[in-house]
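S.K.: Structure file structure-v2.csv, CSV, C-alpha atoms (C1' of nucleotides), is pasted below:
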```
chain,number,residue,atom,x,y,z
B,416,MET,CA,187.9,19.8,-20.0
B,417,THR,CA,190.4,17.0,-20.6
B,418,ALA,CA,190.2,13.7,-18.8
B,419,ALA,CA,193.2,14.6,-16.7
B,420,ARG,CA,191.7,17.9,-15.7
B,421,LYS,CA,188.4,16.2,-14.9
B,422,ARG,CA,190.2,13.7,-12.7
B,423,LYS,CA,192.0,16.5,-10.9
B,424,LYS,CA,188.8,18.4,-10.3
B,425,PHE,CA,187.2,15.3,-9.0
B,426,LEU,CA,190.0,14.8,-6.5
B,427,ILE,CA,189.8,18.3,-5.3
B,428,GLU,CA,186.1,18.1,-4.8
B,429,GLU,CA,186.6,14.9,-2.9
B,430,ALA,CA,189.0,16.7,-0.6
B,431,GLY,CA,186.6,19.5,-0.3
B,432,ALA,CA,183.9,17.2,1.0
B,433,ARG,CA,186.4,15.5,3.3
B,434,LEU,CA,187.5,18.8,4.8
B,435,ARG,CA,183.9,20.0,5.2
B,436,SER,CA,183.0,16.8,7.0
B,437,VAL,CA,185.6,17.5,9.6
B,438,GLY,CA,184.5,21.1,10.0
B,439,LEU,CA,187.2,22.8,8.0
B,440,ARG,CA,186.4,25.1,5.1
B,441,PRO,CA,187.9,23.9,1.9
B,442,THR,CA,190.1,26.9,1.2
B,443,ARG,CA,192.6,27.2,-1.6
B,444,GLN,CA,195.5,26.5,0.8
B,445,ARG,CA,193.9,23.6,2.5
B,446,LEU,CA,192.9,22.0,-0.7
B,447,ALA,CA,196.3,22.4,-2.2
B,448,LEU,CA,198.0,20.9,0.8
B,449,ALA,CA,195.5,18.1,1.0
B,450,HIS,CA,196.4,17.4,-2.6
B,451,LEU,CA,200.1,17.3,-2.0
B,452,LEU,CA,199.5,15.0,1.0
B,453,GLY,CA,197.2,12.8,-1.1
B,454,ALA,CA,199.8,10.2,-1.9
B,455,ASP,CA,199.9,7.5,0.7
B,456,HIS,CA,202.7,6.9,3.1
B,457,ARG,CA,204.3,10.3,3.1
B,458,HIS,CA,206.3,11.7,6.0
B,459,VAL,CA,206.7,15.4,6.0
B,460,THR,CA,207.9,18.1,8.3
B,461,ALA,CA,206.4,21.6,8.2
B,462,GLU,CA,209.5,23.0,6.4
B,463,MET,CA,209.5,20.2,3.9
B,464,LEU,CA,205.9,20.7,3.0
B,465,HIS,CA,206.4,24.4,2.8
B,466,GLU,CA,209.3,24.0,0.4
B,467,GLU,CA,207.4,21.5,-1.7
B,468,ALA,CA,204.4,23.7,-1.9
B,469,THR,CA,206.5,26.7,-2.9
B,470,SER,CA,208.4,24.8,-5.5
B,471,VAL,CA,205.2,23.8,-7.3
B,472,GLY,CA,203.9,27.3,-7.2
B,473,ILE,CA,201.5,27.1,-4.3
B,474,GLU,CA,201.7,30.3,-2.2
B,475,VAL,CA,201.2,29.4,1.4
B,476,SER,CA,202.8,30.9,4.5
B,477,LEU,CA,204.7,28.7,6.9
B,478,ALA,CA,202.1,29.6,9.6
B,479,THR,CA,199.4,28.2,7.5
B,480,ILE,CA,201.4,25.0,7.0
B,481,TYR,CA,201.7,24.6,10.8
B,482,ASN,CA,198.0,25.4,11.3
B,483,THR,CA,196.9,23.0,8.6
B,484,LEU,CA,199.2,20.1,9.7
B,485,HIS,CA,197.7,20.4,13.2
B,486,GLN,CA,194.1,20.8,12.0
B,487,PHE,CA,194.5,17.7,9.8
B,488,THR,CA,196.1,15.8,12.7
B,489,ASP,CA,193.3,16.8,15.0
B,490,ALA,CA,190.8,15.7,12.4
B,491,GLY,CA,192.5,12.3,12.1
B,492,LEU,CA,193.7,12.9,8.6
B,493,LEU,CA,197.3,12.9,9.6
B,494,ARG,CA,199.3,11.5,12.5
B,495,GLU,CA,202.2,13.1,14.2
B,496,VAL,CA,205.3,11.0,14.7
B,497,VAL,CA,207.8,11.8,17.3
B,498,VAL,CA,211.2,10.4,16.6
B,499,ASP,CA,213.5,13.4,16.7
B,500,ALA,CA,213.7,16.0,19.5
B,501,GLY,CA,213.6,19.2,17.6
B,502,ARG,CA,211.2,18.6,14.8
B,503,SER,CA,207.9,17.0,14.1
B,504,TYR,CA,207.0,14.6,11.3
B,505,PHE,CA,203.5,14.2,10.0
B,506,ASP,CA,202.5,10.8,8.5
B,507,THR,CA,199.8,10.5,5.9
B,508,ASN,CA,199.3,6.9,7.0
B,509,THR,CA,197.0,7.1,10.0
B,510,GLY,CA,196.5,3.3,10.4
B,511,ALA,CA,198.3,1.1,13.0
B,512,HIS,CA,201.9,0.8,12.0
B,513,HIS,CA,205.4,1.5,13.2
B,514,HIS,CA,208.6,3.1,11.9
B,515,PHE,CA,212.3,2.8,11.0
B,516,PHE,CA,214.1,5.9,11.8
B,517,CYS,CA,217.7,6.8,10.8
B,518,GLU,CA,219.1,9.7,12.8
B,519,GLU,CA,221.9,10.2,10.4
B,520,ASP,CA,219.8,11.4,7.5
B,521,GLY,CA,216.4,12.0,9.3
B,522,SER,CA,214.7,9.4,7.1
B,523,LEU,CA,211.5,7.7,8.3
B,524,VAL,CA,210.1,4.5,6.8
B,525,ASP,CA,206.9,2.7,7.6
B,526,ILE,CA,206.7,-0.7,9.0
B,527,PRO,CA,203.3,-2.2,8.5
B,528,GLY,CA,201.2,-2.7,11.6
B,529,GLU,CA,201.0,-6.5,11.4
B,530,THR,CA,204.8,-6.9,10.9
B,531,ILE,CA,205.9,-6.2,14.4
B,532,GLU,CA,204.2,-7.9,17.3
B,533,VAL,CA,204.0,-6.1,20.6
B,534,ALA,CA,202.9,-8.3,23.4
B,535,ARG,CA,202.3,-7.9,27.2
B,536,VAL,CA,201.9,-4.2,27.1
B,537,PRO,CA,201.2,-3.3,30.8
B,538,ALA,CA,198.0,-1.7,31.8
B,539,ALA,CA,198.0,2.1,32.1
B,540,PRO,CA,198.6,3.6,35.5
B,541,LYS,CA,195.4,4.4,37.5
B,542,GLY,CA,193.4,7.1,35.9
B,543,MET,CA,195.1,6.8,32.6
B,544,ALA,CA,194.4,4.9,29.4
B,545,VAL,CA,196.7,3.8,26.6
B,546,GLU,CA,196.3,6.1,23.7
B,547,ARG,CA,198.6,4.2,21.4
B,548,VAL,CA,201.8,2.2,21.3
B,549,ASP,CA,204.6,3.5,19.1
B,550,VAL,CA,207.5,1.4,18.1
B,551,VAL,CA,210.6,3.1,16.6
B,552,VAL,CA,213.3,0.9,15.2
B,553,ARG,CA,216.4,3.2,15.3
B,554,LEU,CA,218.9,2.6,12.6
B,555,LYS,CA,222.6,3.4,12.2
B,556,ARG,CA,224.9,2.9,9.3
B,557,ALA,CA,226.0,-0.7,9.2
M,1399,MET,CA,234.3,12.4,59.8
M,1400,THR,CA,230.8,11.0,60.4
M,1401,ALA,CA,229.6,7.7,58.8
M,1402,ALA,CA,227.3,9.7,56.4
M,1403,ARG,CA,230.0,12.0,55.4
M,1404,LYS,CA,232.3,9.1,54.7
M,1405,ARG,CA,229.7,7.4,52.6
M,1406,LYS,CA,229.2,10.6,50.5
M,1407,LYS,CA,232.9,11.0,50.0
M,1408,PHE,CA,233.1,7.4,48.8
M,1409,LEU,CA,230.4,7.9,46.3
M,1410,ILE,CA,232.1,11.0,44.9
M,1411,GLU,CA,235.4,9.2,44.6
M,1412,GLU,CA,233.6,6.4,42.9
M,1413,ALA,CA,232.1,8.8,40.4
M,1414,GLY,CA,235.5,10.4,39.9
M,1415,ALA,CA,236.9,7.0,38.9
M,1416,ARG,CA,234.0,6.3,36.7
M,1417,LEU,CA,234.3,9.6,34.9
M,1418,ARG,CA,238.0,9.2,34.5
M,1419,SER,CA,237.5,5.8,33.0
M,1420,VAL,CA,235.3,7.3,30.2
M,1421,GLY,CA,237.9,10.0,29.5
M,1422,LEU,CA,236.2,12.9,31.4
M,1423,ARG,CA,237.9,14.9,34.0
M,1424,PRO,CA,236.1,14.7,37.4
M,1425,THR,CA,235.4,18.4,37.7
M,1426,ARG,CA,233.4,20.0,40.4
M,1427,GLN,CA,230.4,20.4,38.1
M,1428,ARG,CA,230.5,16.9,36.6
M,1429,LEU,CA,230.8,15.3,40.0
M,1430,ALA,CA,227.9,17.3,41.4
M,1431,LEU,CA,225.7,16.4,38.5
M,1432,ALA,CA,226.8,12.7,38.6
M,1433,HIS,CA,225.8,12.8,42.2
M,1434,LEU,CA,222.3,14.2,41.5
M,1435,LEU,CA,221.9,11.7,38.8
M,1436,GLY,CA,223.1,8.9,41.0
M,1437,ALA,CA,219.6,7.7,42.0
M,1438,ASP,CA,218.3,5.1,39.6
M,1439,HIS,CA,215.5,5.5,37.2
M,1440,ARG,CA,215.5,9.3,36.9
M,1441,HIS,CA,214.2,11.1,33.8
M,1442,VAL,CA,215.5,14.6,33.5
M,1443,THR,CA,215.5,17.4,31.0
M,1444,ALA,CA,218.3,19.9,30.9
M,1445,GLU,CA,216.1,22.6,32.4
M,1446,MET,CA,214.9,20.3,35.2
M,1447,LEU,CA,218.4,19.3,36.1
M,1448,HIS,CA,219.6,22.9,36.0
M,1449,GLU,CA,216.8,24.0,38.3
M,1450,GLU,CA,217.5,21.1,40.7
M,1451,ALA,CA,221.2,21.8,40.8
M,1452,THR,CA,220.6,25.5,41.4
M,1453,SER,CA,218.0,24.8,44.1
M,1454,VAL,CA,220.5,22.7,46.1
M,1455,GLY,CA,223.2,25.4,45.8
M,1456,ILE,CA,225.3,23.9,43.0
M,1457,GLU,CA,226.4,26.7,40.6
M,1458,VAL,CA,226.4,25.3,37.1
M,1459,SER,CA,225.6,27.1,33.9
M,1460,LEU,CA,222.9,25.7,31.6
M,1461,ALA,CA,225.6,25.3,28.9
M,1462,THR,CA,227.5,22.9,31.2
M,1463,ILE,CA,224.3,21.0,31.9
M,1464,TYR,CA,223.8,20.4,28.2
M,1465,ASN,CA,227.5,19.6,27.7
M,1466,THR,CA,227.5,17.2,30.6
M,1467,LEU,CA,224.2,15.4,29.6
M,1468,HIS,CA,225.6,14.8,26.1
M,1469,GLN,CA,229.0,13.7,27.4
M,1470,PHE,CA,227.4,11.3,29.8
M,1471,THR,CA,225.1,10.0,27.1
M,1472,ASP,CA,228.1,9.5,24.7
M,1473,ALA,CA,229.9,7.6,27.5
M,1474,GLY,CA,226.9,5.3,28.0
M,1475,LEU,CA,226.1,6.7,31.5
M,1476,LEU,CA,222.8,8.1,30.3
M,1477,ARG,CA,220.4,7.4,27.5
M,1478,GLU,CA,218.4,10.0,25.6
M,1479,VAL,CA,214.7,9.3,25.3
M,1480,VAL,CA,212.7,11.0,22.5
M,1481,VAL,CA,209.0,11.2,23.3
M,1482,ASP,CA,208.3,14.8,22.9
M,1483,ALA,CA,209.2,16.9,19.9
M,1484,GLY,CA,210.6,20.0,21.5
M,1485,ARG,CA,212.6,18.7,24.4
M,1486,SER,CA,214.9,15.9,25.3
M,1487,TYR,CA,214.7,13.6,28.3
M,1488,PHE,CA,217.7,11.8,29.7
M,1489,ASP,CA,217.3,8.5,31.5
M,1490,THR,CA,219.6,7.3,34.2
M,1491,ASN,CA,218.5,3.7,33.4
M,1492,THR,CA,220.7,2.7,30.5
M,1493,GLY,CA,219.5,-1.0,30.4
M,1494,ALA,CA,216.9,-2.4,27.9
M,1495,HIS,CA,213.5,-1.1,28.9
M,1496,HIS,CA,210.6,1.0,27.5
M,1497,HIS,CA,208.4,3.9,28.6
M,1498,PHE,CA,205.0,5.2,29.5
M,1499,PHE,CA,204.6,8.8,28.4
M,1500,CYS,CA,201.8,11.1,29.3
M,1501,GLU,CA,201.7,14.2,27.0
M,1502,GLU,CA,199.4,16.0,29.3
M,1503,ASP,CA,201.9,16.4,32.1
M,1504,GLY,CA,205.1,15.4,30.4
M,1505,SER,CA,205.6,12.5,32.8
M,1506,LEU,CA,207.8,9.6,31.8
M,1507,VAL,CA,207.7,6.2,33.6
M,1508,ASP,CA,209.9,3.1,33.0
M,1509,ILE,CA,208.5,-0.2,31.8
M,1510,PRO,CA,211.1,-2.9,32.6
M,1511,GLY,CA,212.7,-4.5,29.6
M,1512,GLU,CA,211.3,-8.0,30.1
M,1513,THR,CA,207.7,-6.7,30.5
M,1514,ILE,CA,206.9,-5.9,26.9
M,1515,GLU,CA,207.7,-8.4,24.2
M,1516,VAL,CA,208.5,-7.1,20.8
M,1517,ALA,CA,208.6,-9.8,18.2
M,1518,ARG,CA,209.2,-10.0,14.4
M,1519,VAL,CA,211.2,-6.8,14.2
M,1520,PRO,CA,212.1,-6.6,10.5
M,1521,ALA,CA,215.7,-6.6,9.3
M,1522,ALA,CA,217.2,-3.2,8.8
M,1523,PRO,CA,217.3,-1.8,5.2
M,1524,LYS,CA,220.4,-2.6,3.3
M,1525,GLY,CA,223.5,-0.9,4.6
M,1526,MET,CA,221.8,-0.2,7.9
M,1527,ALA,CA,221.8,-1.9,11.3
M,1528,VAL,CA,219.3,-1.8,14.1
M,1529,GLU,CA,220.7,0.4,16.9
M,1530,ARG,CA,217.8,-0.2,19.2
M,1531,VAL,CA,214.0,-0.6,19.4
M,1532,ASP,CA,212.1,2.0,21.5
M,1533,VAL,CA,208.6,1.3,22.6
M,1534,VAL,CA,206.6,4.3,23.9
M,1535,VAL,CA,203.2,3.6,25.4
M,1536,ARG,CA,201.4,7.0,25.1
M,1537,LEU,CA,198.8,7.7,27.8
M,1538,LYS,CA,195.9,10.0,28.0
M,1539,ARG,CA,193.6,10.8,30.9
M,1540,ALA,CA,191.1,8.0,31.2
R,671,DA,C1',255.4,26.9,39.9
R,672,DA,C1',254.8,26.7,35.0
R,673,DT,C1',252.6,24.6,31.4
R,674,DT,C1',249.1,22.7,28.8
R,675,DA,C1',245.0,20.6,27.5
R,676,DC,C1',240.7,20.4,29.0
R,677,DC,C1',236.5,22.6,31.0
R,678,DT,C1',233.1,26.1,32.2
R,679,DT,C1',230.6,30.1,31.2
R,680,DA,C1',227.7,34.3,29.8
R,681,DG,C1',225.6,35.6,26.3
R,682,DA,C1',224.8,35.5,21.3
R,683,DA,C1',223.0,32.8,17.9
R,684,DC,C1',220.0,29.5,16.0
R,685,DA,C1',216.1,26.2,14.6
R,686,DG,C1',211.6,25.0,15.0
R,687,DT,C1',207.3,26.4,16.5
R,688,DT,C1',203.6,29.4,18.2
R,689,DC,C1',201.5,33.9,18.7
R,690,DT,C1',199.4,38.3,17.3
R,691,DA,C1',196.7,41.3,15.1
R,692,DA,C1',195.4,43.0,10.7
R,693,DA,C1',193.8,41.8,6.1
R,694,DC,C1',191.1,38.5,3.5
R,695,DT,C1',187.6,35.0,1.9
R,696,DG,C1',183.9,31.8,1.8
R,697,DA,C1',179.4,31.1,3.1
R,698,DT,C1',175.0,33.1,4.5
R,699,DT,C1',171.5,36.4,4.6
R,700,DG,C1',168.4,40.2,3.5
Y,1407,DC,C1',174.0,40.2,-5.4
Y,1408,DA,C1',175.8,43.4,-1.7
Y,1409,DA,C1',176.3,43.2,3.0
Y,1410,DT,C1',177.7,40.7,6.7
Y,1411,DC,C1',180.3,37.7,9.6
Y,1412,DA,C1',182.8,33.9,11.2
Y,1413,DG,C1',186.5,31.4,9.8
Y,1414,DT,C1',191.1,31.8,7.5
Y,1415,DT,C1',195.6,33.4,6.1
Y,1416,DT,C1',199.5,36.0,6.8
Y,1417,DA,C1',204.0,38.6,8.0
Y,1418,DG,C1',206.5,39.2,11.3
Y,1419,DA,C1',207.4,39.2,16.2
Y,1420,DA,C1',208.0,36.3,20.0
Y,1421,DC,C1',209.2,32.2,22.3
Y,1422,DT,C1',211.4,27.7,23.6
Y,1423,DG,C1',214.9,24.5,23.7
Y,1424,DT,C1',219.4,23.9,22.2
Y,1425,DT,C1',224.0,24.9,20.3
Y,1426,DC,C1',227.9,28.0,19.5
Y,1427,DT,C1',231.6,31.3,20.6
Y,1428,DA,C1',235.5,32.9,22.6
Y,1429,DA,C1',237.3,34.3,26.9
Y,1430,DG,C1',238.6,33.0,31.4
Y,1431,DG,C1',239.2,29.2,34.7
Y,1432,DT,C1',240.9,24.6,36.4
Y,1433,DA,C1',242.9,19.8,36.7
Y,1434,DA,C1',246.7,17.2,35.8
Y,1435,DT,C1',251.6,17.0,34.4
Y,1436,DT,C1',256.3,18.5,34.4
```
Show me the file's structure as structure tokens.
M.R.:
Amino acid sequence: MTAARKRKKFLIEEAGARLRSVGLRPTRQRLALAHLLGADHRHVTAEMLHEEATSVGIEVSLATIYNTLHQFTDAGLLREVVVDAGRSYFDTNTGAHHHFFCEEDGSLVDIPGETIEVARVPAAPKGMAVERVDVVVRLKRA
Amino acid sequence: MTAARKRKKFLIEEAGARLRSVGLRPTRQRLALAHLLGADHRHVTAEMLHEEATSVGIEVSLATIYNTLHQFTDAGLLREVVVDAGRSYFDTNTGAHHHFFCEEDGSLVDIPGETIEVARVPAAPKGMAVERVDVVVRLKRA
DNA sequence: AATTACCTTAGAACAGTTCTAAACTGATTG
DNA sequence: CAATCAGTTTAGAACTGTTCTAAGGTAATT
């Protein structure tokens, strides 16, 4: 086994343990998708991820892409970002941060959490609690 | 003509002038919808507005609801709020302000513009300009 | 009243997502 | 290590919200 191959195997085993720890079986499809999503700070839609998987020779159905994205999100491995009525983006960065969004080309860029300061957020209405505060900086062509 | 009737007629004529000033003909449908949307601080989806119009006896097709919501938005009479992938809300409050959003029941509540302070918004990437900054305070049941 | 550009509409089409039910697979057990 | 079984994947149908199409209707102008 080459060094590269060993590194890859290691990554996959890591992902396997991670999946198992959140109650998901490390299946071929989930491991492959976890691997694709391994790089930090990615923003993907279901269609994008499906296309990417297919293009690198991973056979996964679109239904599984949706299932997996939701399972990963529920497990706290991904975060759903709502910026565009009509499609969902999933963000591999699950920490506190915000986004630039450009409607024109659908691009989404992280803004680190400490960059923007949000002050005086009002208390949640009675019986409710604040789950999180999302800031979207909408861009247009200058 | 009663006082109430006179007041109503006045409102409609006002709306007519307003529509004309943004280049839209004051048709029966647009006047009726403008009237329904006249109350401040409303948040409607196309389906909601269609149902409401129908229930008060205004005959309007869903296609016209969509056309009208978009035309009003383009004219600056409404503002589209994206909080939920899968459906669009339109807000009659076009001034600077933010929102509470509860996924559980889809409810949307205004937070006055001066309540929340957003500081240190980074400059837009090269060639882009900030169109606006949206803050969504997501709520869950306490 | 005729003209014309604009508007509305039903229904088809479309995009993104979820559902269904049948086949498959990973883990466990005898 | 074969049988078992719960969990998983899948193709395709179904569904939801939205947009498109093209035919008929209407407001404004002449």
S.K.: Report, in Å to a single decimal, how far apart CA of Asp455 (chain B) and CA of Val437 (chain B) are.
M.R.: 19.6 Å
S.K.: I want to know what sits within 12 Å of DT674 (chain R), based on all atoms listed in the file, with residues of the same chain fewer than 6 positions away left out; could you give that as JSON, numbers by chain?
M.R.: {"Y": [1432, 1433, 1434, 1435, 1436]}
S.K.: For chain B, report every residue with an atom at most 12 Å from chain R (counting all atoms listed in the file), formatted as a tab-separated table (two decimals) with C-alpha atoms, keeping the file's coordinate frame.
M.R.:
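Output file iface.tsv is given in full below:
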```
chain	number	residue	atom	x	y	z
B	439	LEU	CA	187.20	22.80	8.00
B	440	ARG	CA	186.40	25.10	5.10
B	441	PRO	CA	187.90	23.90	1.90
B	442	THR	CA	190.10	26.90	1.20
B	443	ARG	CA	192.60	27.20	-1.60
B	444	GLN	CA	195.50	26.50	0.80
B	460	THR	CA	207.90	18.10	8.30
B	461	ALA	CA	206.40	21.60	8.20
B	462	GLU	CA	209.50	23.00	6.40
B	477	LEU	CA	204.70	28.70	6.90
B	478	ALA	CA	202.10	29.60	9.60
B	479	THR	CA	199.40	28.20	7.50
B	480	ILE	CA	201.40	25.00	7.00
B	481	TYR	CA	201.70	24.60	10.80
B	482	ASN	CA	198.00	25.40	11.30
B	485	HIS	CA	197.70	20.40	13.20
B	499	ASP	CA	213.50	13.40	16.70
B	500	ALA	CA	213.70	16.00	19.50
B	501	GLY	CA	213.60	19.20	17.60
B	502	ARG	CA	211.20	18.60	14.80
B	503	SER	CA	207.90	17.00	14.10
B	504	TYR	CA	207.00	14.60	11.30
```
S.K.: Which residues are near region 530-538 of chain B? Cut-off 12 Å, only C-alpha atoms (C1' of nucleotides), ignore same chain within fewer than 5 positions. Put them as number ranges by chain.
M.R.: B: 511-515, 525, 543-552; M: 1496-1498, 1507-1521, 1531-1537, 1540
S.K.: Go ahead and dump the residues you just picked, C-alpha atoms, as a PDB file, keeping the file's coordinate frame.
M.R.:
```pdb
ATOM      1  CA  ALA B 511     198.300   1.100  13.000  1.00  0.00           C
ATOM      2  CA  HIS B 512     201.900   0.800  12.000  1.00  0.00           C
ATOM      3  CA  HIS B 513     205.400   1.500  13.200  1.00  0.00           C
ATOM      4  CA  HIS B 514     208.600   3.100  11.900  1.00  0.00           C
ATOM      5  CA  PHE B 515     212.300   2.800  11.000  1.00  0.00           C
ATOM      6  CA  ASP B 525     206.900   2.700   7.600  1.00  0.00           C
ATOM      7  CA  MET B 543     195.100   6.800  32.600  1.00  0.00           C
ATOM      8  CA  ALA B 544     194.400   4.900  29.400  1.00  0.00           C
ATOM      9  CA  VAL B 545     196.700   3.800  26.600  1.00  0.00           C
ATOM     10  CA  GLU B 546     196.300   6.100  23.700  1.00  0.00           C
ATOM     11  CA  ARG B 547     198.600   4.200  21.400  1.00  0.00           C
ATOM     12  CA  VAL B 548     201.800   2.200  21.300  1.00  0.00           C
ATOM     13  CA  ASP B 549     204.600   3.500  19.100  1.00  0.00           C
ATOM     14  CA  VAL B 550     207.500   1.400  18.100  1.00  0.00           C
ATOM     15  CA  VAL B 551     210.600   3.100  16.600  1.00  0.00           C
ATOM     16  CA  VAL B 552     213.300   0.900  15.200  1.00  0.00           C
TER      17      VAL B 552
ATOM     18  CA  HIS M1496     210.600   1.000  27.500  1.00  0.00           C
ATOM     19  CA  HIS M1497     208.400   3.900  28.600  1.00  0.00           C
ATOM     20  CA  PHE M1498     205.000   5.200  29.500  1.00  0.00           C
ATOM     21  CA  VAL M1507     207.700   6.200  33.600  1.00  0.00           C
ATOM     22  CA  ASP M1508     209.900   3.100  33.000  1.00  0.00           C
ATOM     23  CA  ILE M1509     208.500  -0.200  31.800  1.00  0.00           C
ATOM     24  CA  PRO M1510     211.100  -2.900  32.600  1.00  0.00           C
ATOM     25  CA  GLY M1511     212.700  -4.500  29.600  1.00  0.00           C
ATOM     26  CA  GLU M1512     211.300  -8.000  30.100  1.00  0.00           C
ATOM     27  CA  THR M1513     207.700  -6.700  30.500  1.00  0.00           C
ATOM     28  CA  ILE M1514     206.900  -5.900  26.900  1.00  0.00           C
ATOM     29  CA  GLU M1515     207.700  -8.400  24.200  1.00  0.00           C
ATOM     30  CA  VAL M1516     208.500  -7.100  20.800  1.00  0.00           C
ATOM     31  CA  ALA M1517     208.600  -9.800  18.200  1.00  0.00           C
ATOM     32  CA  ARG M1518     209.200 -10.000  14.400  1.00  0.00           C
ATOM     33  CA  VAL M1519     211.200  -6.800  14.200  1.00  0.00           C
ATOM     34  CA  PRO M1520     212.100  -6.600  10.500  1.00  0.00           C
ATOM     35  CA  ALA M1521     215.700  -6.600   9.300  1.00  0.00           C
ATOM     36  CA  VAL M1531     214.000  -0.600  19.400  1.00  0.00           C
ATOM     37  CA  ASP M1532     212.100   2.000  21.500  1.00  0.00           C
ATOM     38  CA  VAL M1533     208.600   1.300  22.600  1.00  0.00           C
ATOM     39  CA  VAL M1534     206.600   4.300  23.900  1.00  0.00           C
ATOM     40  CA  VAL M1535     203.200   3.600  25.400  1.00  0.00           C
ATOM     41  CA  ARG M1536     201.400   7.000  25.100  1.00  0.00           C
ATOM     42  CA  LEU M1537     198.800   7.700  27.800  1.00  0.00           C
ATOM     43  CA  ALA M1540     191.100   8.000  31.200  1.00  0.00           C
TER      44      ALA M1540
END
```
S.K.: Find the residues near Val459 (chain B): any atom within 7 Å, counting all atoms listed in the file, skip ones fewer than 2 places away on the same chain, and give them as number ranges by chain.
M.R.: B: 457, 461, 463-464, 504-506
